[in-house]
$ cat upload15.cif   # mmCIF, C-alpha atoms
data_data
loop_
_atom_site.label_atom_id
_atom_site.label_comp_id
_atom_site.auth_asym_id
_atom_site.auth_seq_id
_atom_site.Cartn_x
_atom_site.Cartn_y
_atom_site.Cartn_z
CA MET A 22 45.46 -49.56 167.27
CA ASN A 23 48.49 -47.73 168.64
CA CYS A 24 47.98 -44.02 169.26
CA LEU A 25 50.25 -41.15 170.26
CA ALA A 26 49.10 -38.66 172.92
CA PRO A 27 51.56 -35.73 173.11
CA SER A 28 51.45 -34.06 176.52
CA ILE A 29 51.04 -30.29 176.28
CA LEU A 30 52.66 -29.93 179.70
CA SER A 31 55.90 -29.73 177.67
CA ALA A 32 54.53 -27.32 175.04
CA ASP A 33 55.41 -23.64 174.62
CA PHE A 34 52.33 -21.93 176.01
CA THR A 35 53.04 -18.74 174.08
CA LYS A 36 52.48 -20.81 170.91
CA LEU A 37 50.05 -23.45 172.15
CA GLY A 38 47.50 -23.09 169.36
CA GLU A 39 50.20 -23.27 166.71
CA GLN A 40 51.79 -26.30 168.30
CA LEU A 41 48.46 -28.13 168.46
CA GLU A 42 48.10 -27.53 164.73
CA LEU A 43 51.57 -29.04 164.21
CA LEU A 44 50.47 -32.15 166.13
CA ASP A 45 47.43 -32.39 163.86
CA ARG A 46 49.48 -32.11 160.70
CA ALA A 47 51.96 -34.73 161.88
CA GLY A 48 49.17 -37.21 162.68
CA ALA A 49 49.06 -37.44 166.50
CA GLN A 50 45.70 -38.92 167.45
CA TYR A 51 45.28 -37.60 171.02
CA VAL A 52 46.22 -34.50 173.01
CA HIS A 53 47.18 -35.36 176.59
CA ILE A 54 46.26 -32.65 179.10
CA ASP A 55 47.70 -32.88 182.62
CA VAL A 56 45.70 -31.06 185.30
CA MET A 57 47.53 -30.78 188.64
CA ASP A 58 46.21 -29.24 191.85
CA GLY A 59 49.30 -28.81 194.05
CA SER A 60 47.78 -31.20 196.59
CA PHE A 61 47.60 -34.67 195.05
CA VAL A 62 50.87 -33.82 193.28
CA PRO A 63 53.36 -31.06 194.17
CA SER A 64 52.89 -28.98 191.02
CA ILE A 65 50.02 -26.78 189.84
CA SER A 66 49.21 -26.65 186.14
CA TYR A 67 46.32 -25.33 184.07
CA GLY A 68 42.59 -25.88 184.33
CA MET A 69 39.30 -25.38 182.53
CA PRO A 70 39.99 -21.95 180.92
CA VAL A 71 43.09 -23.20 179.07
CA ILE A 72 41.31 -26.32 177.81
CA LYS A 73 38.32 -24.28 176.66
CA SER A 74 40.57 -21.77 174.87
CA VAL A 75 42.35 -24.43 172.77
CA ARG A 76 39.43 -26.75 172.10
CA SER A 77 38.73 -24.96 168.81
CA CYS A 78 42.36 -25.44 167.64
CA THR A 79 42.05 -29.18 167.04
CA ASP A 80 39.54 -31.98 166.67
CA ARG A 81 41.89 -34.56 168.23
CA ILE A 82 40.80 -36.51 171.31
CA PHE A 83 41.30 -34.39 174.43
CA ASP A 84 42.73 -36.89 176.91
CA VAL A 85 42.38 -35.08 180.26
CA HIS A 86 44.47 -36.54 183.09
CA LEU A 87 43.20 -35.28 186.46
CA MET A 88 45.95 -35.36 189.07
CA ILE A 89 43.68 -33.78 191.65
CA GLU A 90 42.04 -34.76 194.92
CA GLU A 91 38.41 -35.92 194.70
CA PRO A 92 38.07 -35.28 190.95
CA ILE A 93 34.36 -36.11 190.98
CA ARG A 94 33.81 -32.48 192.01
CA TYR A 95 34.93 -31.24 188.59
CA ILE A 96 33.82 -33.90 186.09
CA ASP A 97 30.99 -31.78 184.65
CA ASP A 98 33.29 -28.76 184.28
CA PHE A 99 35.91 -30.67 182.30
CA VAL A 100 33.32 -32.29 180.06
CA ASP A 101 31.75 -28.90 179.41
CA VAL A 102 35.05 -27.39 178.19
CA GLY A 103 35.74 -30.23 175.78
CA ALA A 104 37.22 -33.34 177.42
CA ASP A 105 36.67 -36.51 175.37
CA LEU A 106 38.34 -38.83 177.88
CA ILE A 107 38.99 -38.27 181.60
CA SER A 108 41.48 -40.23 183.71
CA VAL A 109 41.18 -40.13 187.50
CA HIS A 110 43.66 -41.56 189.99
CA VAL A 111 42.52 -44.44 192.15
CA GLU A 112 44.66 -42.93 194.93
CA ALA A 113 42.71 -39.64 194.76
CA CYS A 114 39.13 -40.98 194.71
CA ARG A 115 37.23 -41.78 197.88
CA HIS A 116 34.65 -43.60 195.75
CA LEU A 117 36.26 -44.74 192.50
CA ASP A 118 33.20 -46.56 191.15
CA ARG A 119 31.01 -43.47 191.63
CA THR A 120 33.62 -41.26 189.97
CA ILE A 121 34.04 -43.52 186.93
CA HIS A 122 30.30 -43.68 186.41
CA ALA A 123 29.96 -39.91 186.78
CA ILE A 124 32.31 -39.64 183.79
CA LYS A 125 30.51 -42.29 181.75
CA ASP A 126 27.13 -40.74 182.53
CA ARG A 127 28.30 -37.65 180.64
CA GLY A 128 28.85 -39.75 177.52
CA ILE A 129 32.65 -39.65 177.36
CA LEU A 130 35.41 -42.21 177.93
CA ALA A 131 36.50 -43.03 181.48
CA ALA A 132 39.91 -44.18 182.69
CA ALA A 133 41.58 -45.02 185.97
CA ALA A 134 45.19 -44.00 186.56
CA LEU A 135 47.69 -45.74 188.83
CA ASN A 136 50.91 -44.38 190.30
CA PRO A 137 53.99 -46.61 189.83
CA ALA A 138 53.83 -48.39 193.20
CA THR A 139 50.03 -48.80 193.30
CA PRO A 140 49.13 -52.47 192.75
CA LEU A 141 46.95 -53.59 189.87
CA THR A 142 44.62 -55.31 192.36
CA GLU A 143 43.03 -51.87 192.89
CA LEU A 144 41.42 -52.36 189.45
CA GLU A 145 40.16 -55.91 189.96
CA TYR A 146 36.45 -55.07 190.20
CA ILE A 147 36.24 -51.81 188.23
CA LEU A 148 38.22 -52.98 185.17
CA PRO A 149 35.18 -54.09 183.08
CA ASP A 150 33.76 -50.56 183.40
CA LEU A 151 36.93 -48.81 182.22
CA ASP A 152 37.64 -47.67 178.68
CA MET A 153 41.33 -47.21 179.52
CA VAL A 154 43.88 -47.68 182.27
CA LEU A 155 46.64 -45.09 182.56
CA LEU A 156 49.86 -46.42 184.08
CA MET A 157 52.21 -43.75 185.41
CA CYS A 158 55.80 -44.78 184.71
CA VAL A 159 57.24 -41.95 186.79
CA ASN A 160 56.01 -40.47 190.05
CA PRO A 161 53.51 -37.82 188.93
CA GLY A 162 53.91 -34.09 189.26
CA PHE A 163 56.87 -33.17 187.07
CA GLY A 164 57.80 -33.63 183.42
CA GLY A 165 61.14 -34.88 182.13
CA GLN A 166 61.64 -37.77 184.59
CA LYS A 167 63.22 -41.11 183.71
CA TYR A 168 61.10 -44.18 183.02
CA ILE A 169 60.97 -46.59 186.00
CA PRO A 170 62.23 -49.96 184.71
CA TYR A 171 59.85 -52.20 186.68
CA MET A 172 56.91 -50.59 184.87
CA THR A 173 57.49 -52.81 181.84
CA GLN A 174 56.47 -55.85 183.88
CA LYS A 175 53.50 -53.96 185.31
CA ILE A 176 52.31 -53.23 181.75
CA ARG A 177 52.61 -56.94 180.92
CA ASP A 178 50.68 -57.88 184.07
CA LEU A 179 47.91 -55.39 183.27
CA LYS A 180 47.62 -56.71 179.72
CA GLU A 181 47.31 -60.25 181.08
CA MET A 182 44.60 -59.12 183.53
CA ILE A 183 42.64 -57.40 180.74
CA ASP A 184 42.86 -60.48 178.50
CA ARG A 185 41.92 -62.82 181.35
CA LYS A 186 38.77 -60.79 182.06
CA GLY A 187 37.88 -60.56 178.37
CA CYS A 188 37.92 -56.76 178.39
CA GLN A 189 38.77 -54.42 175.52
CA THR A 190 40.43 -51.83 177.76
CA ASP A 191 43.17 -49.61 176.32
CA ILE A 192 46.49 -49.29 178.16
CA GLU A 193 48.01 -45.82 178.23
CA VAL A 194 51.56 -45.23 179.48
CA ASP A 195 52.77 -41.86 180.72
CA GLY A 196 56.22 -40.84 181.95
CA GLY A 197 59.73 -41.14 180.62
CA VAL A 198 58.68 -42.41 177.19
CA LYS A 199 61.33 -41.81 174.52
CA LEU A 200 62.04 -43.03 171.02
CA ASP A 201 64.55 -45.52 172.43
CA ASN A 202 62.10 -47.27 174.80
CA VAL A 203 58.70 -46.93 173.14
CA ARG A 204 59.07 -50.27 171.30
CA GLU A 205 59.66 -52.07 174.61
CA ILE A 206 56.56 -50.42 176.06
CA LEU A 207 54.39 -51.34 173.09
CA ASP A 208 55.65 -54.91 173.11
CA ALA A 209 54.67 -55.18 176.79
CA GLY A 210 51.05 -54.40 175.87
CA ALA A 211 50.50 -50.64 175.89
CA ASN A 212 48.69 -49.08 172.92
CA ILE A 213 48.36 -45.39 173.84
CA ILE A 214 51.64 -43.57 174.37
CA VAL A 215 52.02 -40.25 176.17
CA ALA A 216 55.17 -38.31 175.33
CA GLY A 217 56.00 -34.77 176.43
CA SER A 218 59.53 -33.48 176.10
CA ALA A 219 60.32 -36.16 173.51
CA VAL A 220 57.71 -34.54 171.24
CA PHE A 221 57.98 -30.84 172.04
CA GLN A 222 61.77 -30.45 172.24
CA GLY A 223 63.06 -29.72 168.77
CA ASP A 224 61.04 -30.25 165.59
CA ILE A 225 57.55 -31.25 166.73
CA GLU A 226 56.39 -32.66 163.41
CA LYS A 227 59.52 -34.75 162.91
CA ASN A 228 59.34 -36.03 166.49
CA VAL A 229 55.70 -37.09 166.07
CA GLU A 230 56.49 -38.75 162.76
CA ALA A 231 59.40 -40.65 164.34
CA PHE A 232 57.15 -41.97 167.12
CA LEU A 233 54.41 -42.96 164.68
CA GLN A 234 56.86 -44.76 162.44
CA ILE A 235 57.88 -46.99 165.36
CA MET A 236 54.32 -47.38 166.61
CA GLU A 237 52.91 -48.37 163.22
CA ALA A 238 55.69 -50.87 162.43
#
$ encode --input "upload15.cif" --output "structure tokens"
Amino acid sequence: MNCLAPSILSADFTKLGEQLELLDRAGAQYVHIDVMDGSFVPSISYGMPVIKSVRSCTDRIFDVHLMIEEPIRYIDDFVDVGADLISVHVEACRHLDRTIHAIKDRGILAAAALNPATPLTELEYILPDLDMVLLMCVNPGFGGQKYIPYMTQKIRDLKEMIDRKGCQTDIEVDGGVKLDNVREILDAGANIIVAGSAVFQGDIEKNVEAFLQIMEA
């Protein structure tokens, strides 16, 4: 099943609760929440208090993307404020296996994220334990960047790896996704689509509906 995960990094934080309700009404299945520490990536975003404050605004899947160093330190905190799925970067984990199982031990979904130039071989042994792989299609840390063209082949290669291993792992794509390239990304093998500015700039409900129309075709 193809699912849309609007990234609230592009939302208007003075109207965040209202905008989450618009996502609900339009039919978005996930809410993508980027947490940045200013160390693993240049920017600093929001943390546990913001997630806790908006958890009551929607029952959609809270897809929490940790762009932070050694995320294992904060797994319990993010679960406690309402995360349903946590993605951690292989580049940021000293012990990836331990971190993934710390997430799964809390009874939620676990994902590994890869930066654009990080090879898929980093996932070779952990893939059967993952519920999802998040492929960054821009270098993380800032919204509004352009999709890196070679990522389409990387999505295809990941899909082939998943099929070869007989896994049921979702593929999420984040970065530079627009209405004019989402079909290409889906055709390559992705099934969970993160979109930020393409959803939150303009009419949110119409933007979500436009994405879902392509994704459900």
$ closest_residue --input "upload15.cif" --among "A:Lys36, A:Arg94, A:Lys227, A:Lys73" --to "Ala123 of chain A" --atoms "only C-alpha atoms"
A:Arg94
$ resolve_selection --input "upload15.cif" --expression "the PyMOL selection byres ((chain A and resi 199) around 9)" --output "MDAnalysis selection string"
chainID A and resid 168 197:198 200:203 216 218:220 232
$ closest_residue --input "upload15.cif" --among "A:Arg185, A:His110, A:Arg119, A:Arg177" --to "Ala209 of chain A" --atoms "all atoms listed in the file"
A:Arg177
$ residues_around --input "upload15.cif" --residues "segment 233-238 of chain A" --least-positions-apart "4" --cutoff "9 Å" --atoms "only C-alpha atoms" --output "list in words"
Met22, Asn23, Cys24, Leu25, Gly48, Ala49, Leu200, Val203, Arg204, Leu207, Asn212, Asn228 and Val229 of chain A
$ resolve_selection --input "upload15.cif" --expression "the PyMOL selection byres ((chain A and resi 91) around 8)" --output "list in words"
Ile89, Glu90, Pro92, Ile93, Arg94, Ala113, Cys114 and Arg115 of chain A
$ atom_distance --input "upload15.cif" --atom1 "atom CA of Gln40 of chain A" --atom2 "atom CA of Asp55 of chain A"
16.3 Å
$ residues_around --input "upload15.cif" --residues "Met157 of chain A" --least-positions-apart "6" --cutoff "10 Å" --atoms "only C-alpha atoms" --output "PyMOL selection string"
chain A and resi 110+134-139+168-169+172+193-197+215
$ resolve_selection --input "upload15.cif" --expression "the PyMOL selection byres ((chain A and resi 118) around 10)" --output "compact mmCIF listing (two decimals) with C-alpha atoms, in the frame of the given file"
# COMPACT_ATOMS: atom_id res chain seq x y z
CA VAL A 111 42.52 -44.44 192.15
CA CYS A 114 39.13 -40.98 194.71
CA ARG A 115 37.23 -41.78 197.88
CA HIS A 116 34.65 -43.60 195.75
CA LEU A 117 36.26 -44.74 192.50
CA ARG A 119 31.01 -43.47 191.63
CA THR A 120 33.62 -41.26 189.97
CA ILE A 121 34.04 -43.52 186.93
CA HIS A 122 30.30 -43.68 186.41
CA ALA A 123 29.96 -39.91 186.78
CA ALA A 133 41.58 -45.02 185.97
CA TYR A 146 36.45 -55.07 190.20
CA ILE A 147 36.24 -51.81 188.23
CA ASP A 150 33.76 -50.56 183.40
CA LEU A 151 36.93 -48.81 182.22
$ closest_residue --input "upload15.cif" --among "A:Ala47, A:Asp208, A:Leu148, A:Asp224" --to "Gly187 of chain A" --atoms "all atoms listed in the file"
A:Leu148
$ atom_distance --input "upload15.cif" --atom1 "atom CA of Thr79 of chain A" --atom2 "atom CA of Val62 of chain A"
28.1 Å
$ atom_distance --input "upload15.cif" --atom1 "atom CA of Ile183 of chain A" --atom2 "atom CA of Met153 of chain A"
10.3 Å
$ closest_residue --input "upload15.cif" --among "A:Leu144, A:Ile214, A:Val159, A:Val109" --to "Pro27 of chain A" --atoms "only C-alpha atoms"
A:Ile214
$ closest_residue --input "upload15.cif" --among "A:Gln50, A:Gln189, A:Thr35, A:Ser66" --to "Gly162 of chain A" --atoms "all atoms listed in the file"
A:Ser66
$ build_atoms --input "upload15.cif" --residues "segment 162-183 of chain A" --atoms "N, CA, C and O atoms" --output "compact mmCIF listing (two decimals), in the frame of the given file"
# COMPACT_ATOMS: atom_id res chain seq x y z
N GLY A 162 53.76 -35.45 188.76
CA GLY A 162 53.91 -34.09 189.26
C GLY A 162 54.91 -33.25 188.50
O GLY A 162 54.84 -32.03 188.52
N PHE A 163 55.84 -33.90 187.80
CA PHE A 163 56.87 -33.17 187.07
C PHE A 163 57.15 -33.87 185.75
O PHE A 163 57.17 -35.10 185.68
N GLY A 164 57.40 -33.08 184.70
CA GLY A 164 57.80 -33.63 183.42
C GLY A 164 59.29 -33.91 183.39
O GLY A 164 60.05 -33.48 184.26
N GLY A 165 59.72 -34.66 182.37
CA GLY A 165 61.14 -34.88 182.13
C GLY A 165 61.81 -35.92 183.00
O GLY A 165 63.04 -36.01 183.02
N GLN A 166 61.03 -36.74 183.74
CA GLN A 166 61.64 -37.77 184.59
C GLN A 166 61.98 -39.02 183.78
O GLN A 166 61.48 -39.23 182.68
N LYS A 167 62.82 -39.88 184.37
CA LYS A 167 63.22 -41.11 183.71
C LYS A 167 62.20 -42.22 183.97
O LYS A 167 61.66 -42.35 185.07
N TYR A 168 61.99 -43.02 182.96
CA TYR A 168 61.10 -44.18 183.02
C TYR A 168 61.58 -45.15 184.11
O TYR A 168 62.78 -45.47 184.20
N ILE A 169 60.64 -45.63 184.94
CA ILE A 169 60.97 -46.59 186.00
C ILE A 169 60.98 -47.99 185.40
O ILE A 169 59.95 -48.46 184.89
N PRO A 170 62.10 -48.69 185.44
CA PRO A 170 62.23 -49.96 184.71
C PRO A 170 61.19 -51.02 185.06
O PRO A 170 60.75 -51.77 184.18
N TYR A 171 60.78 -51.12 186.33
CA TYR A 171 59.85 -52.20 186.68
C TYR A 171 58.47 -52.01 186.07
O TYR A 171 57.62 -52.91 186.10
N MET A 172 58.22 -50.83 185.47
CA MET A 172 56.91 -50.59 184.87
C MET A 172 56.66 -51.48 183.65
O MET A 172 55.50 -51.76 183.33
N THR A 173 57.71 -51.94 183.00
CA THR A 173 57.49 -52.81 181.84
C THR A 173 56.77 -54.08 182.26
O THR A 173 55.84 -54.54 181.58
N GLN A 174 57.16 -54.66 183.39
CA GLN A 174 56.47 -55.85 183.88
C GLN A 174 55.05 -55.52 184.33
O GLN A 174 54.13 -56.32 184.13
N LYS A 175 54.85 -54.35 184.88
CA LYS A 175 53.50 -53.96 185.31
C LYS A 175 52.59 -53.83 184.09
O LYS A 175 51.40 -54.20 184.16
N ILE A 176 53.10 -53.31 182.98
CA ILE A 176 52.31 -53.23 181.75
C ILE A 176 51.93 -54.64 181.29
O ILE A 176 50.77 -54.90 180.95
N ARG A 177 52.89 -55.55 181.31
CA ARG A 177 52.61 -56.94 180.92
C ARG A 177 51.53 -57.55 181.81
O ARG A 177 50.62 -58.24 181.34
N ASP A 178 51.64 -57.30 183.12
CA ASP A 178 50.68 -57.88 184.07
C ASP A 178 49.29 -57.30 183.84
O ASP A 178 48.29 -58.02 183.95
N LEU A 179 49.21 -56.00 183.54
CA LEU A 179 47.91 -55.39 183.27
C LEU A 179 47.31 -55.97 181.99
O LEU A 179 46.11 -56.28 181.95
N LYS A 180 48.12 -56.14 180.97
CA LYS A 180 47.62 -56.71 179.72
C LYS A 180 47.08 -58.11 179.96
O LYS A 180 46.01 -58.49 179.43
N GLU A 181 47.78 -58.89 180.77
CA GLU A 181 47.31 -60.25 181.08
C GLU A 181 45.99 -60.20 181.85
O GLU A 181 45.08 -61.01 181.58
N MET A 182 45.85 -59.26 182.77
CA MET A 182 44.60 -59.12 183.53
C MET A 182 43.44 -58.76 182.60
O MET A 182 42.33 -59.31 182.71
N ILE A 183 43.68 -57.82 181.68
CA ILE A 183 42.64 -57.40 180.74
C ILE A 183 42.21 -58.58 179.87
O ILE A 183 41.01 -58.83 179.68
